[in-house]
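Student: The structure file coords-v5.txt (compact mmCIF, C-alpha atoms) is provided below.
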# COMPACT_ATOMS: atom_id res chain seq x y z
CA MET G 17 141.29 -82.44 -142.28
CA ALA G 18 141.11 -85.25 -139.68
CA MET G 19 143.06 -83.12 -137.19
CA ASN G 20 140.64 -80.20 -137.67
CA LYS G 21 137.72 -82.56 -137.05
CA LYS G 22 139.36 -83.83 -133.84
CA LEU G 23 140.00 -80.26 -132.70
CA LEU G 24 136.38 -79.36 -133.42
CA PHE G 25 135.19 -82.36 -131.40
CA SER G 26 137.56 -81.40 -128.56
CA LEU G 27 136.23 -77.87 -128.42
CA LEU G 28 132.65 -79.09 -128.71
CA GLY G 29 133.28 -81.59 -125.93
CA LEU G 30 134.76 -78.96 -123.66
CA PHE G 31 131.86 -76.59 -124.33
CA ILE G 32 129.31 -79.33 -123.64
CA GLY G 33 131.24 -80.34 -120.54
CA LEU G 34 131.17 -76.81 -119.20
CA LEU G 35 127.44 -76.58 -119.84
CA ILE G 36 126.80 -79.94 -118.21
CA SER G 37 129.02 -79.13 -115.25
CA LEU G 38 126.83 -76.14 -114.49
CA THR G 39 123.92 -78.51 -113.86
CA ALA G 40 126.06 -80.57 -111.46
CA ASN G 41 126.42 -77.59 -109.13
CA ALA G 42 122.95 -77.46 -107.61
CA ASP G 43 124.14 -76.08 -104.26
CA LEU G 44 126.67 -73.76 -105.88
CA ASP G 45 123.90 -72.51 -108.17
CA LYS G 46 121.82 -71.80 -105.08
CA ALA G 47 124.67 -69.78 -103.54
CA ILE G 48 125.12 -67.83 -106.78
CA ALA G 49 121.39 -67.10 -106.94
CA TYR G 50 121.47 -65.78 -103.38
CA ALA G 51 124.47 -63.57 -104.15
CA GLU G 52 122.89 -62.20 -107.32
CA ALA G 53 119.69 -61.44 -105.39
CA GLY G 54 121.72 -59.42 -102.88
CA GLU G 55 121.31 -62.02 -100.13
CA THR G 56 125.03 -62.26 -99.46
CA ARG G 57 124.66 -63.76 -95.99
CA LYS G 58 122.63 -66.69 -97.37
CA ALA G 59 125.19 -67.08 -100.17
CA GLU G 60 128.06 -67.17 -97.66
CA ILE G 61 126.25 -69.80 -95.59
CA GLU G 62 125.63 -71.96 -98.65
CA LEU G 63 129.27 -71.66 -99.76
CA TYR G 64 130.42 -72.50 -96.24
CA ARG G 65 128.22 -75.62 -96.30
CA ILE G 66 129.73 -76.66 -99.62
CA SER G 67 133.24 -76.25 -98.21
CA GLN G 68 132.38 -78.28 -95.10
CA ARG G 69 130.82 -81.11 -97.13
CA ALA G 70 133.90 -81.09 -99.39
CA MET G 71 136.22 -81.32 -96.37
CA ASP G 72 134.07 -84.21 -95.10
CA GLY G 73 134.64 -86.08 -98.37
CA ASN G 74 131.37 -85.53 -100.24
CA PRO G 75 132.26 -85.99 -103.95
CA LYS G 76 129.60 -83.59 -105.27
CA ALA G 77 130.68 -80.91 -102.80
CA MET G 78 134.33 -81.50 -103.74
CA CYS G 79 133.42 -80.88 -107.38
CA GLU G 80 131.55 -77.70 -106.44
CA PHE G 81 134.40 -76.56 -104.21
CA GLY G 82 136.75 -76.99 -107.17
CA SER G 83 134.35 -74.94 -109.28
CA MET G 84 134.44 -72.21 -106.63
CA TYR G 85 138.22 -72.01 -107.12
CA LYS G 86 137.73 -71.63 -110.88
CA ARG G 87 135.53 -68.56 -110.61
CA GLU G 88 136.65 -65.17 -109.47
CA GLY G 89 134.68 -63.70 -106.59
CA PHE G 90 133.27 -66.81 -104.90
CA TRP G 91 134.81 -66.19 -101.49
CA VAL G 92 137.96 -68.14 -102.29
CA VAL G 93 141.04 -66.98 -104.17
CA GLN G 94 140.84 -68.10 -107.80
CA SER G 95 143.28 -70.95 -108.40
CA ASP G 96 143.29 -73.38 -111.33
CA LYS G 97 145.68 -75.64 -109.41
CA ASP G 98 143.36 -75.91 -106.38
CA ALA G 99 140.31 -76.34 -108.62
CA ILE G 100 141.92 -79.25 -110.44
CA GLU G 101 143.05 -80.85 -107.16
CA TRP G 102 139.45 -80.82 -105.84
CA TRP G 103 138.06 -82.05 -109.16
CA LEU G 104 140.58 -84.90 -109.15
CA LYS G 105 139.61 -85.89 -105.59
CA SER G 106 135.96 -85.91 -106.61
CA ALA G 107 136.68 -87.89 -109.79
CA GLU G 108 138.67 -90.46 -107.81
CA MET G 109 135.62 -90.96 -105.61
CA GLY G 110 133.52 -91.78 -108.67
CA TYR G 111 131.66 -88.51 -109.29
CA ALA G 112 130.97 -88.53 -113.05
CA PRO G 113 130.84 -84.75 -113.61
CA CYS G 114 134.40 -84.42 -112.33
CA GLN G 115 135.51 -87.59 -114.13
CA PHE G 116 134.27 -85.96 -117.32
CA ALA G 117 135.97 -82.66 -116.42
CA MET G 118 139.30 -84.40 -115.82
CA GLY G 119 138.97 -86.38 -119.04
CA ALA G 120 138.25 -83.21 -121.00
CA LEU G 121 141.19 -81.40 -119.37
CA TYR G 122 143.59 -84.21 -120.27
CA LEU G 123 142.13 -84.46 -123.76
CA ILE G 124 142.64 -80.79 -124.54
CA GLY G 125 145.56 -80.01 -122.25
CA GLU G 126 145.04 -76.61 -120.71
CA GLU G 127 144.96 -74.87 -117.34
CA GLY G 128 148.34 -76.26 -116.30
CA VAL G 129 147.43 -79.81 -117.35
CA LYS G 130 149.40 -81.32 -120.24
CA SER G 131 147.45 -83.21 -122.87
CA ASP G 132 147.64 -86.91 -122.03
CA MET G 133 145.52 -89.26 -124.11
CA SER G 134 146.01 -92.20 -121.72
CA LYS G 135 144.67 -90.16 -118.80
CA ALA G 136 141.90 -88.71 -120.98
CA LYS G 137 140.95 -92.28 -121.91
CA PHE G 138 140.95 -93.35 -118.25
CA TRP G 139 138.69 -90.55 -117.02
CA LEU G 140 136.35 -90.43 -120.02
CA TYR G 141 135.94 -94.21 -119.83
CA LYS G 142 134.95 -93.90 -116.17
CA ALA G 143 132.45 -91.13 -116.97
CA LYS G 144 131.10 -93.08 -119.96
CA GLU G 145 130.49 -96.11 -117.74
CA SER G 146 128.74 -94.05 -115.04
CA THR G 147 125.02 -93.98 -114.30
CA TYR G 148 124.91 -90.25 -115.14
CA LYS G 149 123.34 -90.52 -118.59
CA LYS G 150 124.38 -87.05 -119.81
CA TYR G 151 128.02 -87.61 -118.92
CA ALA G 152 127.99 -91.17 -120.21
CA ARG G 153 126.65 -90.08 -123.61
CA VAL G 154 128.98 -87.12 -124.14
CA SER G 155 131.99 -89.06 -122.82
CA ALA G 156 131.22 -91.91 -125.22
CA GLU G 157 131.07 -89.43 -128.11
CA LEU G 158 134.43 -87.86 -127.21
CA TYR G 159 135.94 -91.29 -126.58
CA ALA G 160 134.93 -92.45 -130.06
CA ALA G 161 135.76 -89.18 -131.84
CA HIS G 162 139.32 -89.22 -130.48
CA GLU G 163 139.69 -92.97 -130.91
CA LEU G 164 140.84 -93.27 -127.31
CA ASP G 165 140.78 -97.06 -127.38
CA LYS G 166 144.10 -96.77 -129.27
CA TYR G 167 145.81 -95.42 -126.14
Show the structure stored in the file as structure tokens.

Tutor:
Amino acid sequence: MAMNKKLLFSLLGLFIGLLISLTANADLDKAIAYAEAGETRKAEIELYRISQRAMDGNPKAMCEFGSMYKREGFWVVQSDKDAIEWWLKSAEMGYAPCQFAMGALYLIGEEGVKSDMSKAKFWLYKAKESTYKKYARVSAELYAAHELDKY
């Protein structure tokens, strides 16, 4: 029963993380809105700007650039490996949405990432200690639910 509860919390955490991560992509959301409105040139410009800011080391842009690799059809070839590399770079620079994403990936262990509770603890602790209240709250809940202080 305890394992089922942990699995439920893991899935809930991942779902919440995906929902929250959508709000972290303000510029990516703008590009998507342009594309859906048929304004592909504006969408391409916005995506180009994201890529340039990512290459310049902007943590938010790095997170968005990683998200672009996760989704089919966003002017880059879909690649989980590249997405995770960009998310990790962003997380290492202190961007809480990507710290949370990395923690959730290590907690659940999918997309080419093996479950690793020590790494999940590391990244969720960072996100929980961040000034991003949404990420801090959800990270704290996952941290407690999985008893990550044991690792």

Student: Could you check which of G:Ser134, G:Ser95, G:Lys46, G:Gly110 is closest to Asn74 of chain G, using only C-alpha atoms?

Tutor: G:Gly110

Student: One decimal, Å: what's the distance from atom CA of Leu158 of chain G over to atom CA of Ser131 of chain G, could you say?

Tutor: 14.5 Å

Student: So how far away is atom CA of Tyr85 of chain G from atom CA of Arg69 of chain G, in Å?

Tutor: 15.4 Å

Student: List the spatial neighbours of Tyr148 of chain G as an MDAnalysis selection string - criterion: any atom at most 10 Å away, all atoms listed in the file, same-chain residues fewer than 5 positions off excluded.

Tutor: chainID G and resid 111:113 143 153

Student: Between atom CA of Lys97 of chain G and atom CA of Ala160 of chain G, what is the spacing in Å?

Tutor: 28.7 Å

Student: Kindly indicate which residue among G:Ile124, G:Lys166, G:Ala47, G:Phe116 lies nearest to Lys149 of chain G, using all atoms listed in the file for the distances.

Tutor: G:Phe116

Student: What lies within 12 Å of Gln94 of chain G using all atoms listed in the file, ignoring chain neighbours under 5 positions off, as a PDB file with C-alpha atoms, in the coordinates of the input?

Tutor:
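The resulting file, out_23.pdb, is reproduced below:
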ATOM      1  CA  PHE G  81     134.400 -76.560-104.210  1.00  0.00           C
ATOM      2  CA  GLY G  82     136.750 -76.990-107.170  1.00  0.00           C
ATOM      3  CA  SER G  83     134.350 -74.940-109.280  1.00  0.00           C
ATOM      4  CA  MET G  84     134.440 -72.210-106.630  1.00  0.00           C
ATOM      5  CA  TYR G  85     138.220 -72.010-107.120  1.00  0.00           C
ATOM      6  CA  LYS G  86     137.730 -71.630-110.880  1.00  0.00           C
ATOM      7  CA  ARG G  87     135.530 -68.560-110.610  1.00  0.00           C
ATOM      8  CA  GLU G  88     136.650 -65.170-109.470  1.00  0.00           C
ATOM      9  CA  GLY G  89     134.680 -63.700-106.590  1.00  0.00           C
ATOM     10  CA  ALA G  99     140.310 -76.340-108.620  1.00  0.00           C
ATOM     11  CA  ILE G 100     141.920 -79.250-110.440  1.00  0.00           C
TER      12      ILE G 100
END

Student: Please work out which residues fall within 12 Å of (129.8, -80.4, -106.3), coordinates as given in the file, with all atoms listed in the file counting, and return them as a PyMOL selection string.

Tutor: chain G and resi 37-46+63+65-71+73-85+99+102-103+105-107+111-114

Student: Only C-alpha atoms, please: the residues just picked out, written as an mmCIF file, keeping the file's coordinate frame.

Tutor:
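Below is the file selection_23.cif, written as the result:
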data_model
loop_
_atom_site.group_PDB
_atom_site.id
_atom_site.type_symbol
_atom_site.label_atom_id
_atom_site.label_comp_id
_atom_site.auth_asym_id
_atom_site.auth_seq_id
_atom_site.Cartn_x
_atom_site.Cartn_y
_atom_site.Cartn_z
ATOM 1 C CA SER G 37 129.020 -79.130 -115.250
ATOM 2 C CA LEU G 38 126.830 -76.140 -114.490
ATOM 3 C CA THR G 39 123.920 -78.510 -113.860
ATOM 4 C CA ALA G 40 126.060 -80.570 -111.460
ATOM 5 C CA ASN G 41 126.420 -77.590 -109.130
ATOM 6 C CA ALA G 42 122.950 -77.460 -107.610
ATOM 7 C CA ASP G 43 124.140 -76.080 -104.260
ATOM 8 C CA LEU G 44 126.670 -73.760 -105.880
ATOM 9 C CA ASP G 45 123.900 -72.510 -108.170
ATOM 10 C CA LYS G 46 121.820 -71.800 -105.080
ATOM 11 C CA LEU G 63 129.270 -71.660 -99.760
ATOM 12 C CA ARG G 65 128.220 -75.620 -96.300
ATOM 13 C CA ILE G 66 129.730 -76.660 -99.620
ATOM 14 C CA SER G 67 133.240 -76.250 -98.210
ATOM 15 C CA GLN G 68 132.380 -78.280 -95.100
ATOM 16 C CA ARG G 69 130.820 -81.110 -97.130
ATOM 17 C CA ALA G 70 133.900 -81.090 -99.390
ATOM 18 C CA MET G 71 136.220 -81.320 -96.370
ATOM 19 C CA GLY G 73 134.640 -86.080 -98.370
ATOM 20 C CA ASN G 74 131.370 -85.530 -100.240
ATOM 21 C CA PRO G 75 132.260 -85.990 -103.950
ATOM 22 C CA LYS G 76 129.600 -83.590 -105.270
ATOM 23 C CA ALA G 77 130.680 -80.910 -102.800
ATOM 24 C CA MET G 78 134.330 -81.500 -103.740
ATOM 25 C CA CYS G 79 133.420 -80.880 -107.380
ATOM 26 C CA GLU G 80 131.550 -77.700 -106.440
ATOM 27 C CA PHE G 81 134.400 -76.560 -104.210
ATOM 28 C CA GLY G 82 136.750 -76.990 -107.170
ATOM 29 C CA SER G 83 134.350 -74.940 -109.280
ATOM 30 C CA MET G 84 134.440 -72.210 -106.630
ATOM 31 C CA TYR G 85 138.220 -72.010 -107.120
ATOM 32 C CA ALA G 99 140.310 -76.340 -108.620
ATOM 33 C CA TRP G 102 139.450 -80.820 -105.840
ATOM 34 C CA TRP G 103 138.060 -82.050 -109.160
ATOM 35 C CA LYS G 105 139.610 -85.890 -105.590
ATOM 36 C CA SER G 106 135.960 -85.910 -106.610
ATOM 37 C CA ALA G 107 136.680 -87.890 -109.790
ATOM 38 C CA TYR G 111 131.660 -88.510 -109.290
ATOM 39 C CA ALA G 112 130.970 -88.530 -113.050
ATOM 40 C CA PRO G 113 130.840 -84.750 -113.610
ATOM 41 C CA CYS G 114 134.400 -84.420 -112.330
#

Student: Draw an axis-aligned box over all listed atoms of segment 159-167 of chain G, pad each side with 5 Å, and write its centre and edge lengths in Å, one decimal, as lines of an AutoDock Vina configuration file.

Tutor:
center_x = 140.4
center_y = -93.1
center_z = -129.0
size_x = 20.9
size_y = 17.9
size_z = 15.7

Student: For Tyr141 of chain G, find every residue with an atom within 10 Å (counting only C-alpha atoms), except residues of its own chain fewer than 6 positions away, and show them as a list in words.

Tutor: Gln115, Phe116, Gly119, Lys135, Ala152, Ser155, Ala156, Leu158, Tyr159, Leu164 and Asp165 of chain G

Student: Filtering to C-alpha atoms, could you give me those residues as an mmCIF file, keeping the file's coordinate frame?

Tutor:
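Result saved to again.cif:
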data_model
loop_
_atom_site.group_PDB
_atom_site.id
_atom_site.type_symbol
_atom_site.label_atom_id
_atom_site.label_comp_id
_atom_site.auth_asym_id
_atom_site.auth_seq_id
_atom_site.Cartn_x
_atom_site.Cartn_y
_atom_site.Cartn_z
ATOM 1 C CA GLN G 115 135.510 -87.590 -114.130
ATOM 2 C CA PHE G 116 134.270 -85.960 -117.320
ATOM 3 C CA GLY G 119 138.970 -86.380 -119.040
ATOM 4 C CA LYS G 135 144.670 -90.160 -118.800
ATOM 5 C CA ALA G 152 127.990 -91.170 -120.210
ATOM 6 C CA SER G 155 131.990 -89.060 -122.820
ATOM 7 C CA ALA G 156 131.220 -91.910 -125.220
ATOM 8 C CA LEU G 158 134.430 -87.860 -127.210
ATOM 9 C CA TYR G 159 135.940 -91.290 -126.580
ATOM 10 C CA LEU G 164 140.840 -93.270 -127.310
ATOM 11 C CA ASP G 165 140.780 -97.060 -127.380
#
